[in-house]
Amino acid sequence: MIIEKANYEGYVWYSDETMPRVLDGSEAFEPNLKEGENPFIVEAQLYDALQMKSYSIRFWNGDYHVVCYDVPKNVCKLWEADIVTYGSNRMNNNKLLFWQQWKEVEDNLCLGMKTLVPKALVFVGLKK
């Protein structure tokens with residue numbers, strides 16, 4: 001998969017580094033996801049506020065696994081209750097912001113009524 005060059009906010013962690021690189025959206029970045037390249041991206045969370053796209057990148061079992069999400073405009077204001085914040089140890093004390101998505105499913109333990117279960121955690125930026 002090719003991810004276009006953009007001013008991403010988030011982080012990228014390379015296989016030869018002890019800490020992730022923090023991206024603040026001020027410079028263009030293009031992830032290289034070519035298999036067999038060294039160093040390779042072990043993990044990344046990238047958010048492009050201009051294109052309203054979020055990318056989750058993981059490398060395991062010799063393959064890149066990339067998930068792309070379309071993010072609604074002003075997601076952090078629209079669904080404040082669904083924004084989850086995680087602290088970081090190695091990213092200059094930045095907090096990672098994720099939009100928790102939910103889906104409805106029938107629950108046999110609740111007489112078949114519909115309940116909400118987590119669907120996805122979508123990266124939507126950093127917060128100091």
# chains A, B, ... in the order shown; residues from 1 in each chain; ligands from 1
>>> residues_around(residues="stretch 113-118 of chain A", least_positions_apart="4", cutoff="7 Å", atoms="only C-alpha atoms", output="PyMOL selection string")
chain A and resi 101-107
>>> write_last_selection(atoms="N, CA, C and O atoms", output="PDB file, in the first residue's frame")
ATOM      1  N   GLN A 101     -14.971   4.134  18.147  1.00  0.00           N
ATOM      2  CA  GLN A 101     -16.160   3.831  17.354  1.00  0.00           C
ATOM      3  C   GLN A 101     -16.870   2.639  17.987  1.00  0.00           C
ATOM      4  O   GLN A 101     -16.234   1.744  18.536  1.00  0.00           O
ATOM      5  N   TRP A 102     -18.185   2.649  17.865  1.00  0.00           N
ATOM      6  CA  TRP A 102     -19.006   1.592  18.442  1.00  0.00           C
ATOM      7  C   TRP A 102     -19.892   0.977  17.366  1.00  0.00           C
ATOM      8  O   TRP A 102     -20.185   1.617  16.361  1.00  0.00           O
ATOM      9  N   LYS A 103     -20.325  -0.262  17.615  1.00  0.00           N
ATOM     10  CA  LYS A 103     -21.306  -0.878  16.720  1.00  0.00           C
ATOM     11  C   LYS A 103     -22.364  -1.568  17.567  1.00  0.00           C
ATOM     12  O   LYS A 103     -22.115  -1.985  18.701  1.00  0.00           O
ATOM     13  N   GLU A 104     -23.575  -1.668  16.997  1.00  0.00           N
ATOM     14  CA  GLU A 104     -24.690  -2.313  17.676  1.00  0.00           C
ATOM     15  C   GLU A 104     -24.714  -3.795  17.329  1.00  0.00           C
ATOM     16  O   GLU A 104     -24.575  -4.157  16.164  1.00  0.00           O
ATOM     17  N   VAL A 105     -24.881  -4.628  18.338  1.00  0.00           N
ATOM     18  CA  VAL A 105     -25.026  -6.066  18.122  1.00  0.00           C
ATOM     19  C   VAL A 105     -26.124  -6.594  19.044  1.00  0.00           C
ATOM     20  O   VAL A 105     -26.378  -6.023  20.111  1.00  0.00           O
ATOM     21  N   GLU A 106     -26.766  -7.660  18.612  1.00  0.00           N
ATOM     22  CA  GLU A 106     -27.740  -8.308  19.480  1.00  0.00           C
ATOM     23  C   GLU A 106     -26.991  -9.107  20.536  1.00  0.00           C
ATOM     24  O   GLU A 106     -26.039  -9.820  20.224  1.00  0.00           O
ATOM     25  N   ASP A 107     -27.424  -8.982  21.762  1.00  0.00           N
ATOM     26  CA  ASP A 107     -26.756  -9.639  22.876  1.00  0.00           C
ATOM     27  C   ASP A 107     -27.682 -10.693  23.473  1.00  0.00           C
ATOM     28  O   ASP A 107     -28.719 -10.361  24.048  1.00  0.00           O
TER      29      ASP A 107
END
>>> residues_around(residues="stretch 38-47 of chain A", least_positions_apart="5", cutoff="12 Å", atoms="only C-alpha atoms", output="MDAnalysis selection string")
chainID A and resid 3:25 28:33 52:71 96:99 121:126
>>> atom_distance(atom1="atom CA of A:Gln100", atom2="atom CA of A:Val84")
6.6 Å
>>> select_by_dssp(residues="chain A", states="strand (DSSP E)", output="VMD selection string")
chain A and resid 9 to 14 21 to 24 41 to 48 53 to 60 63 to 70 83 to 87 95 to 106 114 to 127
>>> write_last_selection(atoms="C-alpha atoms", output="tab-separated table (two decimals), in the first residue's frame")
chain	number	residue	atom	x	y	z
A	9	GLU	CA	0.45	14.38	13.12
A	10	GLY	CA	1.33	11.31	15.14
A	11	TYR	CA	4.31	9.02	15.44
A	12	VAL	CA	6.36	6.51	13.50
A	13	TRP	CA	8.62	3.92	15.11
A	14	TYR	CA	11.44	2.44	13.02
A	21	ARG	CA	9.65	9.88	15.93
A	22	VAL	CA	6.94	12.35	16.84
A	23	LEU	CA	5.33	14.17	13.92
A	24	ASP	CA	3.63	17.47	14.70
A	41	ILE	CA	8.37	0.81	10.23
A	42	VAL	CA	7.39	-1.33	13.21
A	43	GLU	CA	4.40	0.79	14.19
A	44	ALA	CA	2.86	4.14	13.29
A	45	GLN	CA	-0.25	6.19	13.96
A	46	LEU	CA	-0.70	9.01	11.43
A	47	TYR	CA	-3.45	11.61	11.16
A	48	ASP	CA	-3.83	13.93	8.17
A	53	LYS	CA	-7.60	10.45	7.10
A	54	SER	CA	-6.13	8.32	9.86
A	55	TYR	CA	-3.66	5.49	9.23
A	56	SER	CA	-2.71	2.72	11.62
A	57	ILE	CA	0.41	0.83	10.52
A	58	ARG	CA	1.76	-2.35	12.11
A	59	PHE	CA	4.46	-4.71	10.89
A	60	TRP	CA	4.16	-8.31	12.00
A	63	ASP	CA	4.00	-8.00	6.41
A	64	TYR	CA	2.64	-4.48	6.78
A	65	HIS	CA	-0.91	-4.27	8.09
A	66	VAL	CA	-2.40	-0.86	7.31
A	67	VAL	CA	-5.87	0.36	8.19
A	68	CYS	CA	-7.15	3.67	6.80
A	69	TYR	CA	-10.10	5.50	8.35
A	70	ASP	CA	-12.07	8.48	7.08
A	83	ILE	CA	-12.52	10.58	22.50
A	84	VAL	CA	-10.11	8.39	24.47
A	85	THR	CA	-6.78	9.81	25.64
A	86	TYR	CA	-3.70	7.69	26.31
A	87	GLY	CA	-0.47	8.89	27.89
A	95	LYS	CA	-1.07	12.35	24.80
A	96	LEU	CA	-2.49	10.19	22.02
A	97	LEU	CA	-6.09	10.96	21.04
A	98	PHE	CA	-8.29	8.19	19.69
A	99	TRP	CA	-11.91	8.28	18.53
A	100	GLN	CA	-13.72	5.23	19.91
A	101	GLN	CA	-16.16	3.83	17.35
A	102	TRP	CA	-19.01	1.59	18.44
A	103	LYS	CA	-21.31	-0.88	16.72
A	104	GLU	CA	-24.69	-2.31	17.68
A	105	VAL	CA	-25.03	-6.07	18.12
A	106	GLU	CA	-27.74	-8.31	19.48
A	114	LYS	CA	-29.10	-4.51	20.99
A	115	THR	CA	-26.01	-3.39	22.89
A	116	LEU	CA	-22.98	-1.34	21.91
A	117	VAL	CA	-19.58	-2.98	21.59
A	118	PRO	CA	-16.25	-1.41	20.56
A	119	LYS	CA	-15.68	-1.39	16.80
A	120	ALA	CA	-12.42	0.54	16.34
A	121	LEU	CA	-10.01	3.01	17.93
A	122	VAL	CA	-9.14	5.66	15.33
A	123	PHE	CA	-6.09	7.88	15.92
A	124	VAL	CA	-7.04	11.59	15.66
A	125	GLY	CA	-3.94	13.44	16.83
A	126	LEU	CA	-1.68	14.43	19.68
A	127	LYS	CA	-2.27	16.70	22.66
>>> atom_distance(atom1="atom CA of A:Ser26", atom2="atom CA of A:Asn94")
15.7 Å
>>> select_by_dssp(residues="chain A", states="alpha helix (DSSP H)", output="PyMOL selection string")
chain A and resi 75-78
>>> atom_distance(atom1="atom CA of A:Gln51", atom2="atom CA of A:Asn89")
28.5 Å
